[in-house]
>>> print(open('upload.pdb').read())   # PDB, C-alpha atoms
ATOM      1  CA  MET A  25     174.448  55.198  35.889
ATOM      2  CA  ASP A  26     174.713  58.505  34.031
ATOM      3  CA  LEU A  27     171.735  57.989  31.708
ATOM      4  CA  VAL A  28     172.423  60.968  29.428
ATOM      5  CA  LYS A  29     176.053  59.977  28.928
ATOM      6  CA  HIS A  30     175.095  56.379  28.084
ATOM      7  CA  VAL A  31     172.398  57.600  25.685
ATOM      8  CA  ARG A  32     175.125  59.648  23.944
ATOM      9  CA  TYR A  33     177.129  56.428  23.500
ATOM     10  CA  PHE A  34     174.045  54.761  22.064
ATOM     11  CA  VAL A  35     173.429  57.576  19.537
ATOM     12  CA  THR A  36     177.091  57.598  18.481
ATOM     13  CA  VAL A  37     177.045  53.865  17.783
ATOM     14  CA  THR A  38     173.856  54.236  15.717
ATOM     15  CA  GLU A  39     175.493  57.007  13.664
ATOM     16  CA  GLU A  40     178.696  55.041  13.038
ATOM     17  CA  ARG A  41     177.001  51.605  12.782
ATOM     18  CA  HIS A  42     180.262  50.200  14.092
ATOM     19  CA  PHE A  43     181.579  49.831  17.650
ATOM     20  CA  GLY A  44     185.192  50.363  16.641
ATOM     21  CA  ARG A  45     184.559  53.650  14.817
ATOM     22  CA  ALA A  46     182.187  54.846  17.559
ATOM     23  CA  ALA A  47     184.768  54.038  20.246
ATOM     24  CA  ALA A  48     187.453  55.998  18.374
ATOM     25  CA  ARG A  49     185.113  58.980  18.000
ATOM     26  CA  LEU A  50     184.278  58.893  21.708
ATOM     27  CA  GLY A  51     187.880  58.383  22.802
ATOM     28  CA  LEU A  52     187.081  55.040  24.446
ATOM     29  CA  ALA A  53     188.414  51.527  24.084
ATOM     30  CA  GLN A  54     186.030  49.333  22.109
ATOM     31  CA  PRO A  55     185.499  46.791  24.967
ATOM     32  CA  SER A  56     184.657  49.650  27.318
ATOM     33  CA  LEU A  57     182.076  51.038  24.900
ATOM     34  CA  SER A  58     180.535  47.588  24.421
ATOM     35  CA  GLN A  59     180.214  47.197  28.186
ATOM     36  CA  ARG A  60     178.505  50.554  28.522
ATOM     37  CA  ILE A  61     175.995  49.777  25.796
ATOM     38  CA  GLN A  62     175.262  46.457  27.489
ATOM     39  CA  ARG A  63     174.701  48.282  30.781
ATOM     40  CA  LEU A  64     172.270  50.666  29.070
ATOM     41  CA  GLU A  65     170.400  47.707  27.594
ATOM     42  CA  ARG A  66     170.119  46.133  31.042
ATOM     43  CA  GLU A  67     168.937  49.409  32.546
ATOM     44  CA  LEU A  68     166.260  49.871  29.861
ATOM     45  CA  GLY A  69     165.394  46.216  29.525
ATOM     46  CA  VAL A  70     165.643  46.516  25.734
ATOM     47  CA  ARG A  71     168.146  45.021  23.267
ATOM     48  CA  LEU A  72     169.342  47.926  21.141
ATOM     49  CA  PHE A  73     171.593  46.370  18.471
ATOM     50  CA  ASP A  74     172.017  43.284  16.348
ATOM     51  CA  ARG A  75     175.635  42.556  15.414
ATOM     52  CA  THR A  76     176.345  41.785  11.748
ATOM     53  CA  SER A  77     179.486  40.954   9.801
ATOM     54  CA  ARG A  78     179.679  44.595   8.687
ATOM     55  CA  GLY A  79     178.973  46.180  12.087
ATOM     56  CA  VAL A  80     175.709  46.651  13.972
ATOM     57  CA  GLU A  81     172.073  47.298  13.105
ATOM     58  CA  LEU A  82     169.380  48.807  15.283
ATOM     59  CA  THR A  83     166.704  46.499  16.602
ATOM     60  CA  GLU A  84     163.094  47.605  16.348
ATOM     61  CA  GLY A  85     163.247  48.651  19.998
ATOM     62  CA  GLY A  86     166.456  50.522  19.303
ATOM     63  CA  ARG A  87     164.805  52.479  16.486
ATOM     64  CA  LEU A  88     161.939  53.503  18.764
ATOM     65  CA  LEU A  89     164.309  54.610  21.503
ATOM     66  CA  LEU A  90     166.531  56.520  19.073
ATOM     67  CA  ALA A  91     163.601  58.805  18.249
ATOM     68  CA  GLU A  92     163.501  59.848  21.910
ATOM     69  CA  ALA A  93     167.252  59.806  22.498
ATOM     70  CA  ARG A  94     168.176  62.676  20.218
ATOM     71  CA  PRO A  95     165.708  65.194  21.799
ATOM     72  CA  LEU A  96     166.927  64.060  25.240
ATOM     73  CA  ILE A  97     170.530  64.879  24.310
ATOM     74  CA  ALA A  98     169.529  68.209  22.778
ATOM     75  CA  GLN A  99     167.668  69.161  25.952
ATOM     76  CA  ALA A 100     170.601  68.072  28.108
ATOM     77  CA  ASP A 101     172.963  70.189  26.002
ATOM     78  CA  ALA A 102     170.642  73.167  26.330
ATOM     79  CA  LEU A 103     170.492  72.691  30.098
ATOM     80  CA  LEU A 104     174.265  72.527  30.367
ATOM     81  CA  GLY A 105     174.577  75.608  28.173
ATOM     82  CA  VAL A 106     172.223  77.616  30.392
ATOM     83  CA  ALA A 107     174.100  76.435  33.496
ATOM     84  CA  ALA A 108     177.388  77.576  31.968
ATOM     85  CA  ARG A 109     175.912  80.979  31.136
ATOM     86  CA  VAL A 110     174.598  81.354  34.688
ATOM     87  CA  ARG A 111     178.013  80.442  36.133
ATOM     88  CA  SER A 112     179.736  82.946  33.875
ATOM     89  CA  GLY A 113     177.235  85.707  34.643
ATOM     90  CA  ALA A 114     175.680  85.690  31.181
ATOM     91  CA  ALA A 115     172.205  84.500  32.255
ATOM     92  CA  GLY A 116     169.891  84.252  35.245
ATOM     93  CA  VAL A 117     168.182  86.652  37.650
ATOM     94  CA  LEU A 118     169.967  89.075  39.983
ATOM     95  CA  ARG A 119     167.886  90.200  42.959
ATOM     96  CA  ALA A 120     169.022  93.741  43.746
ATOM     97  CA  ALA A 121     167.901  96.769  45.742
ATOM     98  CA  VAL A 122     168.658 100.481  45.897
ATOM     99  CA  PRO A 123     167.896 102.952  48.707
ATOM    100  CA  PRO A 124     165.108 105.522  48.453
ATOM    101  CA  GLU A 125     165.930 108.885  46.878
ATOM    102  CA  LEU A 126     168.965 107.652  44.995
ATOM    103  CA  GLY A 127     167.792 109.777  42.079
ATOM    104  CA  SER A 128     165.803 108.877  38.978
ATOM    105  CA  ALA A 129     168.728 109.488  36.604
ATOM    106  CA  VAL A 130     171.004 107.263  38.678
ATOM    107  CA  VAL A 131     168.458 104.444  38.855
ATOM    108  CA  ALA A 132     167.793 104.621  35.104
ATOM    109  CA  ALA A 133     171.523 104.574  34.331
ATOM    110  CA  LEU A 134     172.079 101.674  36.716
ATOM    111  CA  VAL A 135     169.385  99.533  35.091
ATOM    112  CA  GLY A 136     170.470 100.474  31.571
ATOM    113  CA  GLY A 137     174.169  99.973  32.277
ATOM    114  CA  PHE A 138     173.632  96.549  33.793
ATOM    115  CA  ARG A 139     171.357  95.424  30.954
ATOM    116  CA  GLU A 140     173.883  96.598  28.372
ATOM    117  CA  ARG A 141     176.788  94.733  29.968
ATOM    118  CA  SER A 142     174.862  91.580  30.861
ATOM    119  CA  PRO A 143     171.844  91.278  28.533
ATOM    120  CA  GLY A 144     171.117  87.669  29.494
ATOM    121  CA  VAL A 145     170.606  88.447  33.203
ATOM    122  CA  ARG A 146     167.297  89.880  34.384
ATOM    123  CA  LEU A 147     167.795  92.561  37.032
ATOM    124  CA  ALA A 148     164.999  92.255  39.603
ATOM    125  CA  LEU A 149     165.387  95.678  41.230
ATOM    126  CA  ARG A 150     163.501  96.987  44.259
ATOM    127  CA  GLU A 151     163.653 100.068  46.481
ATOM    128  CA  LEU A 152     164.562  99.187  50.068
ATOM    129  CA  GLY A 153     165.994 101.077  53.015
ATOM    130  CA  ALA A 154     169.339 100.013  54.467
ATOM    131  CA  GLY A 155     167.811  98.046  57.339
ATOM    132  CA  LEU A 156     165.685  95.881  55.061
ATOM    133  CA  GLN A 157     168.521  95.433  52.584
ATOM    134  CA  LEU A 158     170.874  94.139  55.280
ATOM    135  CA  ALA A 159     168.219  91.763  56.625
ATOM    136  CA  GLU A 160     167.488  90.362  53.167
ATOM    137  CA  LEU A 161     171.169  90.059  52.228
ATOM    138  CA  ARG A 162     171.773  88.001  55.352
ATOM    139  CA  ALA A 163     168.632  85.939  54.740
ATOM    140  CA  GLU A 164     169.839  85.403  51.132
ATOM    141  CA  THR A 165     166.581  86.703  49.676
ATOM    142  CA  LEU A 166     168.596  89.541  48.130
ATOM    143  CA  ASP A 167     171.757  89.015  46.079
ATOM    144  CA  VAL A 168     173.203  92.517  46.063
ATOM    145  CA  GLY A 169     172.253  95.983  47.230
ATOM    146  CA  VAL A 170     173.249  99.625  47.226
ATOM    147  CA  VAL A 171     173.457 100.933  50.793
ATOM    148  CA  ARG A 172     174.085 104.247  52.475
ATOM    149  CA  HIS A 173     176.695 104.348  55.205
ATOM    150  CA  PRO A 174     177.110 104.080  58.108
ATOM    151  CA  VAL A 175     175.538 100.619  58.341
ATOM    152  CA  ASP A 176     176.467  97.386  60.093
ATOM    153  CA  VAL A 177     178.518  95.662  57.382
ATOM    154  CA  ALA A 178     179.501  92.586  59.420
ATOM    155  CA  GLY A 179     179.461  89.542  57.154
ATOM    156  CA  LEU A 180     179.115  91.618  53.988
ATOM    157  CA  GLY A 181     181.383  92.433  51.082
ATOM    158  CA  LEU A 182     181.481  96.034  49.908
ATOM    159  CA  GLY A 183     182.326  97.901  46.740
ATOM    160  CA  GLU A 184     184.229 101.155  46.934
ATOM    161  CA  VAL A 185     182.483 103.697  49.176
ATOM    162  CA  LEU A 186     181.671 106.808  47.150
ATOM    163  CA  CYS A 187     180.351 110.105  48.434
ATOM    164  CA  ARG A 188     178.979 113.536  47.594
ATOM    165  CA  PRO A 189     178.114 116.439  49.902
ATOM    166  CA  TYR A 190     174.630 116.962  51.193
ATOM    167  CA  GLY A 191     173.171 120.437  51.065
ATOM    168  CA  VAL A 192     169.984 121.791  52.577
ATOM    169  CA  LEU A 193     166.697 122.543  50.872
ATOM    170  CA  LEU A 194     165.188 125.877  51.962
ATOM    171  CA  PRO A 195     162.333 128.138  50.867
ATOM    172  CA  ARG A 196     163.541 130.520  48.161
ATOM    173  CA  ALA A 197     162.553 133.521  50.313
ATOM    174  CA  ARG A 198     165.696 132.879  52.350
ATOM    175  CA  GLU A 199     167.931 133.347  49.286
ATOM    176  CA  SER A 200     170.239 136.360  49.461
ATOM    177  CA  ASP A 201     171.355 138.596  46.572
ATOM    178  CA  ASP A 202     174.821 137.089  46.617
ATOM    179  CA  GLY A 203     173.577 133.699  45.385
ATOM    180  CA  ASP A 204     175.172 131.849  42.515
ATOM    181  CA  HIS A 205     173.611 133.579  39.504
ATOM    182  CA  ALA A 206     175.227 131.067  37.133
ATOM    183  CA  HIS A 207     173.208 128.398  38.940
ATOM    184  CA  PRO A 208     169.867 130.017  39.862
ATOM    185  CA  ASP A 209     168.750 126.913  41.771
ATOM    186  CA  VAL A 210     171.847 127.048  44.011
ATOM    187  CA  GLY A 211     171.953 129.499  46.905
ATOM    188  CA  PRO A 212     174.998 130.643  48.879
ATOM    189  CA  PRO A 213     176.579 128.262  51.412
ATOM    190  CA  VAL A 214     174.988 128.222  54.864
ATOM    191  CA  TRP A 215     176.195 127.045  58.251
ATOM    192  CA  LEU A 216     174.315 124.227  59.929
ATOM    193  CA  ALA A 217     174.038 126.324  63.084
ATOM    194  CA  SER A 218     172.057 128.958  61.180
ATOM    195  CA  LEU A 219     169.211 126.454  60.778
ATOM    196  CA  SER A 220     168.573 126.088  64.523
ATOM    197  CA  GLY A 221     164.929 126.353  65.500
ATOM    198  CA  LEU A 222     163.618 124.976  62.195
ATOM    199  CA  ASP A 223     162.179 121.491  62.082
ATOM    200  CA  LEU A 224     164.177 118.813  60.251
ATOM    201  CA  VAL A 225     162.439 116.363  57.938
ATOM    202  CA  LEU A 226     164.508 113.171  58.005
ATOM    203  CA  PHE A 227     163.984 109.647  56.711
ATOM    204  CA  PRO A 228     162.324 107.292  59.252
ATOM    205  CA  GLN A 229     164.728 106.058  61.912
ATOM    206  CA  GLN A 230     163.853 102.389  61.417
ATOM    207  CA  SER A 231     164.845 102.478  57.744
ATOM    208  CA  ALA A 232     168.516 103.222  58.555
ATOM    209  CA  PRO A 233     169.093 103.537  62.320
ATOM    210  CA  ALA A 234     172.859 104.098  62.226
ATOM    211  CA  LEU A 235     172.662 106.749  59.513
ATOM    212  CA  HIS A 236     169.758 108.474  61.284
ATOM    213  CA  ALA A 237     171.733 108.672  64.533
ATOM    214  CA  GLU A 238     174.911 109.837  62.773
ATOM    215  CA  THR A 239     173.045 112.595  60.904
ATOM    216  CA  LEU A 240     171.567 114.019  64.106
ATOM    217  CA  ALA A 241     174.934 113.743  65.873
ATOM    218  CA  VAL A 242     176.610 115.781  63.108
ATOM    219  CA  CYS A 243     173.854 118.396  63.349
ATOM    220  CA  ARG A 244     174.400 118.740  67.107
ATOM    221  CA  ARG A 245     178.196 118.949  66.728
ATOM    222  CA  HIS A 246     177.771 121.816  64.272
ATOM    223  CA  GLY A 247     175.241 123.725  66.347
ATOM    224  CA  PHE A 248     172.001 122.757  64.598
ATOM    225  CA  GLU A 249     169.308 121.856  67.128
ATOM    226  CA  PRO A 250     166.103 121.147  65.184
ATOM    227  CA  GLY A 251     162.844 122.329  66.679
ATOM    228  CA  SER A 252     161.663 118.783  66.075
ATOM    229  CA  VAL A 253     162.647 115.849  63.886
ATOM    230  CA  ILE A 254     159.847 114.809  61.540
ATOM    231  CA  ALA A 255     159.906 111.391  59.898
ATOM    232  CA  GLY A 256     159.230 111.737  56.193
ATOM    233  CA  GLN A 257     160.195 109.912  53.031
ATOM    234  CA  ASP A 258     157.472 110.619  50.503
ATOM    235  CA  PRO A 259     158.769 113.497  48.312
ATOM    236  CA  GLU A 260     155.381 115.242  48.271
ATOM    237  CA  PHE A 261     155.269 115.366  52.058
ATOM    238  CA  VAL A 262     158.912 116.413  52.427
ATOM    239  CA  ASP A 263     158.557 119.140  49.788
ATOM    240  CA  GLY A 264     155.371 120.418  51.406
ATOM    241  CA  MET A 265     157.056 120.768  54.774
ATOM    242  CA  VAL A 266     159.976 122.696  53.260
ATOM    243  CA  MET A 267     157.653 124.924  51.207
ATOM    244  CA  SER A 268     155.719 125.760  54.391
ATOM    245  CA  GLY A 269     158.787 127.598  55.679
ATOM    246  CA  THR A 270     158.845 125.727  58.981
ATOM    247  CA  ALA A 271     161.171 122.851  58.096
ATOM    248  CA  VAL A 272     164.298 121.953  56.146
ATOM    249  CA  THR A 273     165.628 118.732  54.694
ATOM    250  CA  PHE A 274     169.034 117.562  53.523
ATOM    251  CA  ALA A 275     169.483 116.621  49.882
ATOM    252  CA  SER A 276     172.119 116.096  47.226
ATOM    253  CA  ARG A 277     172.616 118.699  44.519
ATOM    254  CA  ASP A 278     170.763 116.733  41.836
ATOM    255  CA  ARG A 279     167.524 116.503  43.792
ATOM    256  CA  LYS A 280     164.462 117.733  41.920
ATOM    257  CA  LEU A 281     163.475 121.039  43.540
ATOM    258  CA  PRO A 282     159.826 121.843  44.291
ATOM    259  CA  PRO A 283     158.544 125.310  43.354
ATOM    260  CA  GLY A 284     159.645 128.096  45.649
ATOM    261  CA  THR A 285     162.668 126.270  47.074
ATOM    262  CA  ILE A 286     166.406 126.478  46.577
ATOM    263  CA  TRP A 287     169.329 124.194  47.341
ATOM    264  CA  HIS A 288     172.173 125.537  49.497
ATOM    265  CA  PRO A 289     175.525 123.855  50.039
ATOM    266  CA  LEU A 290     176.590 123.500  53.667
ATOM    267  CA  GLU A 291     179.742 125.287  54.786
ATOM    268  CA  GLY A 292     182.559 122.800  55.339
ATOM    269  CA  GLU A 293     180.563 119.890  53.867
ATOM    270  CA  PRO A 294     179.768 118.430  57.305
ATOM    271  CA  LEU A 295     177.291 115.927  55.853
ATOM    272  CA  LEU A 296     178.259 113.471  53.151
ATOM    273  CA  GLU A 297     176.064 110.970  51.364
ATOM    274  CA  GLN A 298     178.181 107.796  51.382
ATOM    275  CA  VAL A 299     177.077 104.888  49.200
ATOM    276  CA  SER A 300     178.456 101.540  48.046
ATOM    277  CA  ALA A 301     177.362  98.217  46.649
ATOM    278  CA  ALA A 302     177.028  95.435  49.244
ATOM    279  CA  TRP A 303     176.724  91.666  49.010
ATOM    280  CA  GLN A 304     177.184  88.472  50.992
ATOM    281  CA  ARG A 305     180.900  88.151  51.645
ATOM    282  CA  GLY A 306     180.966  84.618  50.205
ATOM    283  CA  ARG A 307     179.788  85.891  46.820
ATOM    284  CA  GLN A 308     182.741  88.138  46.033
ATOM    285  CA  ASP A 309     183.797  85.818  43.189
ATOM    286  CA  ASP A 310     180.317  85.692  41.612
ATOM    287  CA  PRO A 311     180.758  87.311  38.175
ATOM    288  CA  VAL A 312     177.254  88.822  38.169
ATOM    289  CA  VAL A 313     177.757  90.373  41.601
ATOM    290  CA  ARG A 314     181.127  91.775  40.509
ATOM    291  CA  LEU A 315     179.523  93.195  37.376
ATOM    292  CA  PHE A 316     176.729  94.861  39.347
ATOM    293  CA  ALA A 317     179.254  96.442  41.727
ATOM    294  CA  GLU A 318     181.265  97.760  38.777
ATOM    295  CA  VAL A 319     178.151  99.277  37.188
ATOM    296  CA  VAL A 320     177.145 100.864  40.516
ATOM    297  CA  GLU A 321     180.566 102.483  40.890
ATOM    298  CA  SER A 322     180.553 103.718  37.298
ATOM    299  CA  VAL A 323     177.023 105.152  37.462
ATOM    300  CA  LEU A 324     177.460 106.822  40.852
ATOM    301  CA  THR A 325     180.656 108.437  39.610
ATOM    302  CA  GLU A 326     179.447 109.539  36.182
ATOM    303  CA  GLN A 327     175.742 110.199  36.817
ATOM    304  CA  GLY A 328     175.730 110.899  40.530
ATOM    305  CA  GLY A 329     178.833 113.081  40.694
ATOM    306  CA  MET A 330     180.298 110.983  43.488
ATOM    307  CA  VAL A 331     183.964 110.497  44.331
ATOM    308  CA  PRO A 332     185.789 108.023  46.602
ATOM    309  CA  VAL A 333     185.563 108.909  50.288
ATOM    310  CA  MET A 334     189.343 109.038  50.705
ATOM    311  CA  GLU A 335     189.649 111.453  47.788
ATOM    312  CA  THR A 336     187.109 113.756  49.414
ATOM    313  CA  ALA A 337     188.915 113.638  52.745
ATOM    314  CA  THR A 338     192.180 114.639  51.040
ATOM    315  CA  ALA A 339     190.536 117.358  48.970
ATOM    316  CA  ARG A 340     189.149 119.074  52.072
ATOM    317  CA  HIS A 341     192.657 120.250  52.913
ATOM    318  CA  THR A 342     192.848 122.281  49.670
ATOM    319  CA  ALA A 343     190.262 124.872  48.662
ATOM    320  CA  ARG A 344     189.275 124.482  45.006
ATOM    321  CA  PRO A 345     186.263 125.052  42.737
ATOM    322  CA  HIS A 346     183.916 122.092  42.958
ATOM    323  CA  PRO A 347     183.414 120.770  39.372
ATOM    324  CA  ALA A 348     179.766 119.804  39.828
ATOM    325  CA  TYR A 349     178.430 122.583  42.010
ATOM    326  CA  GLY A 350     180.398 125.651  40.957
ATOM    327  CA  TYR A 351     181.324 126.899  44.440
ATOM    328  CA  THR A 352     184.547 126.773  46.417
ATOM    329  CA  VAL A 353     185.146 124.106  49.057
TER     330      VAL A 353
END
>>> encode(input="upload.pdb", output="structure tokens")
Amino acid sequence: MDLVKHVRYFVTVTEERHFGRAAARLGLAQPSLSQRIQRLERELGVRLFDRTSRGVELTEGGRLLLAEARPLIAQADALLGVAARVRSGAAGVLRAAVPPELGSAVVAALVGGFRERSPGVRLALRELGAGLQLAELRAETLDVGVVRHPVDVAGLGLGEVLCRPYGVLLPRARESDDGDHAHPDVGPPVWLASLSGLDLVLFPQQSAPALHAETLAVCRRHGFEPGSVIAGQDPEFVDGMVMSGTAVTFASRDRKLPPGTIWHPLEGEPLLEQVSAAWQRGRQDDPVVRLFAEVVESVLTEQGGMVPVMETATARHTARPHPAYGYTV
């Protein structure tokens, strides 16, 4: 027996004090309503009504139960309302993750944009590397993530893959006089091969194995053979190694520069940061997941200066001023 539904019938009869009027209000036949009230009485073991010539009157037991019935219905309605909001994406908790070094402005815009568009959903955001994100997505301890490619996306749904070129962070002493004087923190483009012999500070291999291998493969193809590859993710350590003059690291244009360093674009844009939202493939129709993916795409485009990968591939065939960086590609 659906107890809440039968208690609703009981409350309606008490309000109408008449089975016929209550049945009409509930859209039921009067005999059907009478049978349901009788079933509730049997279930509770309490007679709820006395029939009179003018309708029905509550018994003493009925009056005592009515005092509890109305709060029960109110709580049931509240529960159903919350469930509806969760289904529609208007309430609940979304467990999400972003990769390290996505950028403080991007993270802030992502959190703010999601909160603005879905104020009833709490965004439980963490920083996780691609390997941990994929493991947690598949274990269903994470609802949605932001991952850098290449990664193993088997069994996952993806938002649009967006990208921006990586440059290289070098000590300012290497800057030449022909740098971009309109952008004093941007040096002239350099070839990857010109970095040979310097150490390369790169994120730990275990955090994103496929991306780590692809980055080193691109370096080799373009003539950059690092003296050694140093695992580093803490910005203080990475910056210190670059400032020492013995190592370089790859970074996007919006990276915060430590004193005495300068960001250089790489000739030909051989390295691209490629990012997208990712989720369990079966959750593509989840409104909250869809909303998060939309916010990610919007923020990465507007705050991160990213563009779709296919657009970048097409643009490489035509030299043009880059709108964000002020140099020609």
>>> atom_distance(input="upload.pdb", atom1="atom CA of Arg146 of chain A", atom2="atom CA of Val117 of chain A")
4.7 Å
>>> closest_residue(input="upload.pdb", among="A:Ala154, A:Ile61, A:Val37, A:Leu161", to="Arg305 of chain A", atoms="all atoms listed in the file")
A:Leu161
>>> closest_residue(input="upload.pdb", among="A:Thr36, A:Ser128, A:Ser77, A:Gln308", to="Glu151 of chain A", atoms="only C-alpha atoms")
A:Ser128
>>> atom_distance(input="upload.pdb", atom1="atom CA of Val185 of chain A", atom2="atom CA of Gly247 of chain A")
27.4 Å
>>> residues_around(input="upload.pdb", residues="Gly127 of chain A", least_positions_apart="6", cutoff="10 Å", atoms="all atoms listed in the file", output="NGL selection string")
:A and (276 or 278-280 or 327-328)
>>> closest_residue(input="upload.pdb", among="A:Ala98, A:Leu182, A:Val214, A:Cys187", to="Gly329 of chain A", atoms="only C-alpha atoms")
A:Cys187
>>> closest_residue(input="upload.pdb", among="A:Val319, A:Ile97, A:Leu295, A:Met330", to="Ala132 of chain A", atoms="only C-alpha atoms")
A:Val319
>>> resolve_selection(input="upload.pdb", expression="the PyMOL selection byres ((chain A and resi 171) around 12)", output="PyMOL selection string")
chain A and resi 120-126+151-158+161+168-170+172-177+180-187+231-232+234-235+297-303+317+320
>>> resolve_selection(input="upload.pdb", expression="the PyMOL selection byres ((chain A and resi 142-145) around 7)", output="ChimeraX atom specification")
/A:114-118,138-141,146-147
>>> write_last_selection(input="upload.pdb", atoms="C-alpha atoms", output="CSV table (one decimal), in the coordinates of the input")
chain,number,residue,atom,x,y,z
A,114,ALA,CA,175.7,85.7,31.2
A,115,ALA,CA,172.2,84.5,32.3
A,116,GLY,CA,169.9,84.3,35.2
A,117,VAL,CA,168.2,86.7,37.6
A,118,LEU,CA,170.0,89.1,40.0
A,138,PHE,CA,173.6,96.5,33.8
A,139,ARG,CA,171.4,95.4,31.0
A,140,GLU,CA,173.9,96.6,28.4
A,141,ARG,CA,176.8,94.7,30.0
A,146,ARG,CA,167.3,89.9,34.4
A,147,LEU,CA,167.8,92.6,37.0
>>> resolve_selection(input="upload.pdb", expression="the PyMOL selection byres ((chain A and resi 216) around 12)", output="ChimeraX atom specification")
/A:190-193,213-215,217-222,224,239-240,242-250,272-274,288-295
>>> atom_distance(input="upload.pdb", atom1="atom CA of Leu82 of chain A", atom2="atom CA of Glu65 of chain A")
12.4 Å
